file target-v3.txt (compact mmCIF, C-alpha atoms)
# COMPACT_ATOMS: atom_id res chain seq x y z
CA MET A 161 7.60 5.53 -22.43
CA ASN A 162 4.54 4.13 -20.71
CA ILE A 163 4.74 2.71 -17.20
CA GLU A 164 2.25 0.29 -15.69
CA ILE A 165 2.55 -0.58 -12.00
CA LEU A 166 1.09 -4.05 -11.42
CA GLN A 167 2.19 -4.31 -7.79
CA PRO A 168 1.30 -2.79 -5.45
CA LYS A 169 -2.31 -2.22 -6.44
CA PRO A 170 -3.98 1.02 -5.31
CA PHE A 171 -4.63 0.96 -1.56
CA ASP A 172 -2.77 -2.30 -0.96
CA LEU A 173 -1.81 -2.74 2.69
CA VAL A 174 1.99 -2.91 2.66
CA GLY A 175 4.68 -3.57 5.24
CA SER A 176 8.20 -2.29 5.74
CA ARG A 177 9.33 -4.09 2.56
CA ILE A 178 7.37 -2.91 -0.45
CA LEU A 179 7.51 -5.07 -3.55
CA ILE A 180 7.08 -3.10 -6.76
CA ALA A 181 6.62 -4.65 -10.21
CA GLY A 182 5.23 -3.68 -13.54
CA ASN A 183 5.74 -3.16 -17.23
CA ALA A 184 7.36 -0.36 -19.16
CA VAL A 185 7.19 0.35 -22.89
CA GLY A 186 10.09 2.04 -24.65
CA PHE A 187 13.85 1.76 -24.95
CA GLU A 188 16.22 0.78 -22.08
CA ALA A 189 15.21 2.56 -18.93
CA HIS A 190 16.46 3.45 -15.51
CA LEU A 191 13.46 3.87 -13.22
CA SER A 192 13.45 6.03 -10.11
CA ILE A 193 11.18 4.95 -7.27
CA LEU A 194 10.03 7.33 -4.55
CA ILE A 195 7.89 6.25 -1.61
CA GLY A 196 6.58 9.02 0.59
CA GLU A 197 3.67 10.85 2.13
CA GLY A 198 4.75 14.49 1.94
CA HIS A 199 6.84 14.56 5.13
CA ASP A 200 9.57 12.04 4.38
CA GLU A 201 10.47 9.79 1.49
CA VAL A 202 12.53 6.75 0.61
CA SER A 203 14.12 6.40 -2.81
CA ALA A 204 15.21 3.38 -4.82
CA SER A 205 15.68 2.41 -8.44
CA ALA A 206 15.00 -0.36 -10.90
CA THR A 207 15.89 -1.11 -14.49
CA ALA A 208 13.74 -2.50 -17.24
CA GLY A 209 14.98 -4.77 -20.00
CA SER A 210 15.96 -3.72 -23.50
CA THR A 211 12.98 -4.88 -25.55
CA SER A 212 9.95 -2.77 -26.45
CA ILE A 213 7.80 -4.15 -23.59
CA ARG A 214 9.85 -4.68 -20.46
CA GLN A 215 9.17 -5.88 -16.98
CA PHE A 216 10.66 -4.35 -13.88
CA GLN A 217 10.68 -5.22 -10.23
CA ALA A 218 12.16 -3.91 -7.03
CA ALA A 219 11.98 -4.58 -3.30
CA VAL A 220 12.21 -1.38 -1.28
CA ASP A 221 12.93 -1.65 2.45
CA ILE A 222 11.60 1.23 4.54
CA PRO A 223 14.25 2.01 7.20
CA ASP A 224 13.15 2.05 10.86
CA GLY A 225 14.03 5.73 11.26
CA THR A 226 11.84 6.94 8.40
CA ALA A 227 9.70 9.82 9.66
CA PHE A 228 6.41 8.97 7.97
CA THR A 229 3.55 10.65 9.83
CA LEU A 230 0.67 9.48 7.64
CA ASN A 231 -0.34 5.89 6.96
CA ARG A 232 -1.19 6.64 3.32
CA LEU A 233 1.93 6.57 1.18
CA PHE A 234 2.49 7.16 -2.50
CA VAL A 235 4.67 4.88 -4.62
CA THR A 236 5.94 6.85 -7.61
CA VAL A 237 7.85 5.30 -10.51
CA SER A 238 9.52 7.59 -13.07
CA ASP A 239 11.49 6.78 -16.21
CA ASP A 240 14.74 8.73 -15.91
CA SER A 241 15.54 8.13 -19.57
CA GLY A 242 12.26 9.67 -20.76
CA GLY A 243 11.19 13.26 -21.04
CA GLY A 244 13.61 16.05 -21.94
CA ASP A 245 13.27 19.31 -23.85
CA GLY A 246 10.91 20.68 -21.22
CA VAL A 247 8.78 17.52 -21.17
CA PRO A 248 8.64 15.81 -17.76
CA PRO A 249 9.64 12.13 -17.59
CA PRO A 250 6.82 9.56 -17.66
CA THR A 251 5.64 8.99 -14.09
CA VAL A 252 3.02 6.79 -12.43
CA THR A 253 1.87 7.06 -8.80
CA VAL A 254 -0.05 4.48 -6.75
CA PRO A 255 -1.43 5.17 -3.24
CA VAL A 256 -0.82 2.45 -0.62
CA LEU A 257 -1.60 2.03 3.07
CA TYR A 258 1.42 1.58 5.33
CA GLY A 259 0.70 -1.19 7.85
CA PRO A 260 3.44 -0.33 10.40
CA LEU A 261 1.75 3.03 11.07
CA ILE A 262 -1.63 1.35 11.43
CA LEU A 263 -0.51 -1.46 13.75
CA PRO A 264 2.94 -1.54 15.40
CA GLY A 265 4.71 -4.77 14.47
CA PHE A 266 2.55 -5.15 11.35
CA SER A 267 3.35 -8.42 9.56
CA GLY A 268 0.37 -8.99 7.29
CA TYR A 269 -3.38 -9.28 7.50
CA TRP A 270 -6.31 -11.64 7.61
CA LEU A 271 -9.32 -11.26 5.33
CA HIS A 272 -12.72 -11.14 6.99
CA GLN A 273 -16.03 -11.19 5.12
CA VAL A 274 -18.52 -9.05 7.01
CA ALA A 275 -21.59 -10.96 8.22
CA ALA A 276 -24.91 -9.58 9.43
CA GLY A 277 -24.45 -8.16 12.93
CA ASP A 278 -20.71 -7.49 12.56
CA THR A 279 -19.35 -4.13 13.68
CA LEU A 280 -15.78 -2.90 13.70
CA SER A 281 -15.86 -3.03 17.51
CA LYS A 282 -16.98 -6.67 17.48
CA LEU A 283 -14.26 -7.50 14.97
CA ALA A 284 -11.64 -5.72 17.10
CA LEU A 285 -12.79 -7.69 20.14
CA ARG A 286 -12.57 -10.94 18.14
CA TYR A 287 -9.15 -10.31 16.56
CA PHE A 288 -7.44 -8.08 19.15
CA ASP A 289 -9.33 -8.95 22.38
CA ASP A 290 -10.07 -5.21 22.68
CA ALA A 291 -13.16 -3.56 21.14
CA THR A 292 -11.55 -0.11 21.43
CA LYS A 293 -8.99 -1.10 18.76
CA PHE A 294 -11.60 -0.81 15.99
CA PRO A 295 -9.72 2.20 14.46
CA ILE A 296 -6.96 -0.22 13.41
CA ILE A 297 -9.44 -2.09 11.21
CA HIS A 298 -10.95 1.15 9.96
CA GLN A 299 -7.55 2.58 8.94
CA ALA A 300 -6.59 -0.63 7.13
CA ASN A 301 -9.81 -0.36 5.11
CA GLN A 302 -10.14 3.43 4.80
CA HIS A 303 -10.55 3.15 1.03
CA ILE A 304 -13.80 1.16 1.41
CA VAL A 305 -15.07 2.12 4.89
CA ALA A 306 -15.77 5.85 4.99
CA ASN A 307 -17.69 5.71 8.26
CA PRO A 308 -16.50 3.25 10.94
CA SER A 309 -20.11 2.87 12.10
CA LEU A 310 -21.22 1.59 8.69
CA ILE A 311 -20.01 -1.74 7.38
CA PHE A 312 -22.11 -4.04 5.27
CA PRO A 313 -22.55 -7.81 4.94
CA GLY A 314 -20.43 -9.13 2.09
CA GLN A 315 -17.66 -6.54 2.40
CA VAL A 316 -14.22 -8.13 2.68
CA LEU A 317 -12.10 -6.31 5.24
CA ARG A 318 -8.40 -6.61 5.95
CA ILE A 319 -7.60 -7.23 9.62
CA PRO A 320 -3.97 -6.23 10.31
CA ARG A 321 -1.90 -8.63 12.34
CA ALA A 322 1.39 -8.45 14.17
CA PHE A 323 3.70 -11.22 15.31
call {"tool": "encode", "arguments": {"input": "target-v3.txt", "output": "structure tokens"}}
result
Amino acid sequence: MNIEILQPKPFDLVGSRILIAGNAVGFEAHLSILIGEGHDEVSASATAGSTSIRQFQAAVDIPDGTAFTLNRLFVTVSDDSGGGDGVPPPTVTVPVLYGPLILPGFSGYWLHQVAAGDTLSKLALRYFDDATKFPIIHQANQHIVANPSLIFPGQVLRIPRAF
């Protein structure tokens, strides 16, 4: 069994409902889904069709009381019908960024292409009316912005938003 997760992509910025979709190769499968960051986890399941290449999808709602402490989560999909005889089941893991721990009330994001003279503080002032909220933008883009003092023209940053 091979599993390919098409959604979410690595480091996607996700909300409290995580949509998961992909392809699986093999016989009929029951897929286990775990979403966690090492402190707490949420589980769900999906099934794939009965042909040799099958699609699967699931929508996993993260309950309000989930005790995530880190904003980087891992979405893991395993084929429960695979493995056996000491062989672990086929498993694929994708890291994602959890918006509700980056910005309370997270509901999506805007895309902003960095222009000459932009800084995260200037962007925070523009989008949040508060330059000190630049860490929100940094955390939403931690996979491409290693140093919050260094952004470059042409980079496309995600600006979290809340409604």
call {"tool": "residues_around", "arguments": {"input": "target-v3.txt", "residues": "A:Asp240", "least_positions_apart": "3", "cutoff": "8 Å", "atoms": "all atoms listed in the file", "output": "VMD selection string"}}
result
chain A and resid 189 to 192 243 249
call {"tool": "closest_residue", "arguments": {"input": "target-v3.txt", "among": "A:Pro250, A:Pro320, A:Pro295, A:Gly196", "to": "A:His272", "atoms": "all atoms listed in the file"}}
result
A:Pro320
call {"tool": "residues_around", "arguments": {"input": "target-v3.txt", "residues": "A:Ser176", "least_positions_apart": "4", "cutoff": "8 Å", "atoms": "only C-alpha atoms", "output": "PyMOL selection string"}}
result
chain A and resi 221-223+258-260
call {"tool": "closest_residue", "arguments": {"input": "target-v3.txt", "among": "A:Val274, A:Ala300, A:Val252, A:Ala227", "to": "A:Pro168", "atoms": "all atoms listed in the file"}}
result
A:Val252
call {"tool": "closest_residue", "arguments": {"input": "target-v3.txt", "among": "A:Gly268, A:Gly182, A:Pro308, A:Pro170", "to": "A:Phe294", "atoms": "only C-alpha atoms"}}
result
A:Pro308
call {"tool": "atom_distance", "arguments": {"input": "target-v3.txt", "atom1": "atom CA of A:Ser238", "atom2": "atom CA of A:Thr253"}}
result
8.8 Å
call {"tool": "residues_around", "arguments": {"input": "target-v3.txt", "residues": "A:Ala322", "least_positions_apart": "4", "cutoff": "8 Å", "atoms": "all atoms listed in the file", "output": "ChimeraX atom specification"}}
result
/A:263-268
call {"tool": "atom_distance", "arguments": {"input": "target-v3.txt", "atom1": "atom CA of A:Leu261", "atom2": "atom CA of A:Ile193"}}
result
20.7 Å
call {"tool": "atom_distance", "arguments": {"input": "target-v3.txt", "atom1": "atom CA of A:Ser203", "atom2": "atom CA of A:Ile163"}}
result
17.6 Å
call {"tool": "residues_around", "arguments": {"input": "target-v3.txt", "residues": "A:Gln315", "least_positions_apart": "4", "cutoff": "10 Å", "atoms": "all atoms listed in the file", "output": "list in words"}}
result
His272, Gln273, Val274, Ala275, Ile304, Val305 and Ile311 of chain A
call {"tool": "write_last_selection", "arguments": {"input": "target-v3.txt", "atoms": "C-alpha atoms", "output": "PDB file, keeping the file's coordinate frame"}}
result
ATOM      1  CA  HIS A 272     -12.720 -11.140   6.990  1.00  0.00           C
ATOM      2  CA  GLN A 273     -16.030 -11.190   5.120  1.00  0.00           C
ATOM      3  CA  VAL A 274     -18.520  -9.050   7.010  1.00  0.00           C
ATOM      4  CA  ALA A 275     -21.590 -10.960   8.220  1.00  0.00           C
ATOM      5  CA  ILE A 304     -13.800   1.160   1.410  1.00  0.00           C
ATOM      6  CA  VAL A 305     -15.070   2.120   4.890  1.00  0.00           C
ATOM      7  CA  ILE A 311     -20.010  -1.740   7.380  1.00  0.00           C
TER       8      ILE A 311
END
call {"tool": "residues_near_point", "arguments": {"input": "target-v3.txt", "point": "(10.7, 14.1, 8.5)", "cutoff": "7 Å", "atoms": "only C-alpha atoms", "output": "PyMOL selection string"}}
result
chain A and resi 199-200+227-228
call {"tool": "residues_around", "arguments": {"input": "target-v3.txt", "residues": "A:Leu283", "least_positions_apart": "2", "cutoff": "10 Å", "atoms": "all atoms listed in the file", "output": "short mmCIF file (atom, residue, chain, number, x, y, z; two decimals) with C-alpha atoms, in the coordinates of the input"}}
result
data_model
loop_
_atom_site.label_atom_id
_atom_site.label_comp_id
_atom_site.auth_asym_id
_atom_site.auth_seq_id
_atom_site.Cartn_x
_atom_site.Cartn_y
_atom_site.Cartn_z
CA HIS A 272 -12.72 -11.14 6.99
CA VAL A 274 -18.52 -9.05 7.01
CA ASP A 278 -20.71 -7.49 12.56
CA THR A 279 -19.35 -4.13 13.68
CA LEU A 280 -15.78 -2.90 13.70
CA SER A 281 -15.86 -3.03 17.51
CA LEU A 285 -12.79 -7.69 20.14
CA ARG A 286 -12.57 -10.94 18.14
CA TYR A 287 -9.15 -10.31 16.56
CA PHE A 288 -7.44 -8.08 19.15
CA ASP A 289 -9.33 -8.95 22.38
CA ASP A 290 -10.07 -5.21 22.68
CA ALA A 291 -13.16 -3.56 21.14
CA LYS A 293 -8.99 -1.10 18.76
CA PHE A 294 -11.60 -0.81 15.99
CA ILE A 297 -9.44 -2.09 11.21
CA ILE A 319 -7.60 -7.23 9.62
#
call {"tool": "closest_residue", "arguments": {"input": "target-v3.txt", "among": "A:Phe216, A:Phe323, A:Tyr269, A:Phe312", "to": "A:Leu173", "atoms": "all atoms listed in the file"}}
result
A:Tyr269
call {"tool": "closest_residue", "arguments": {"input": "target-v3.txt", "among": "A:Asn307, A:Thr229, A:Asn162, A:Gln302", "to": "A:Pro255", "atoms": "all atoms listed in the file"}}
result
A:Gln302
call {"tool": "closest_residue", "arguments": {"input": "target-v3.txt", "among": "A:Ala184, A:Ala276, A:Val316, A:Ile178", "to": "A:Arg214", "atoms": "all atoms listed in the file"}}
result
A:Ala184
call {"tool": "axis_aligned_box", "arguments": {"input": "target-v3.txt", "around": "stretch 229-236 of chain A", "padding_each_side": "6 Å", "output": "JSON"}}
result
{"center_x": 2.4, "center_y": 7.8, "center_z": 1.1, "size_x": 19.1, "size_y": 17.8, "size_z": 29.4}
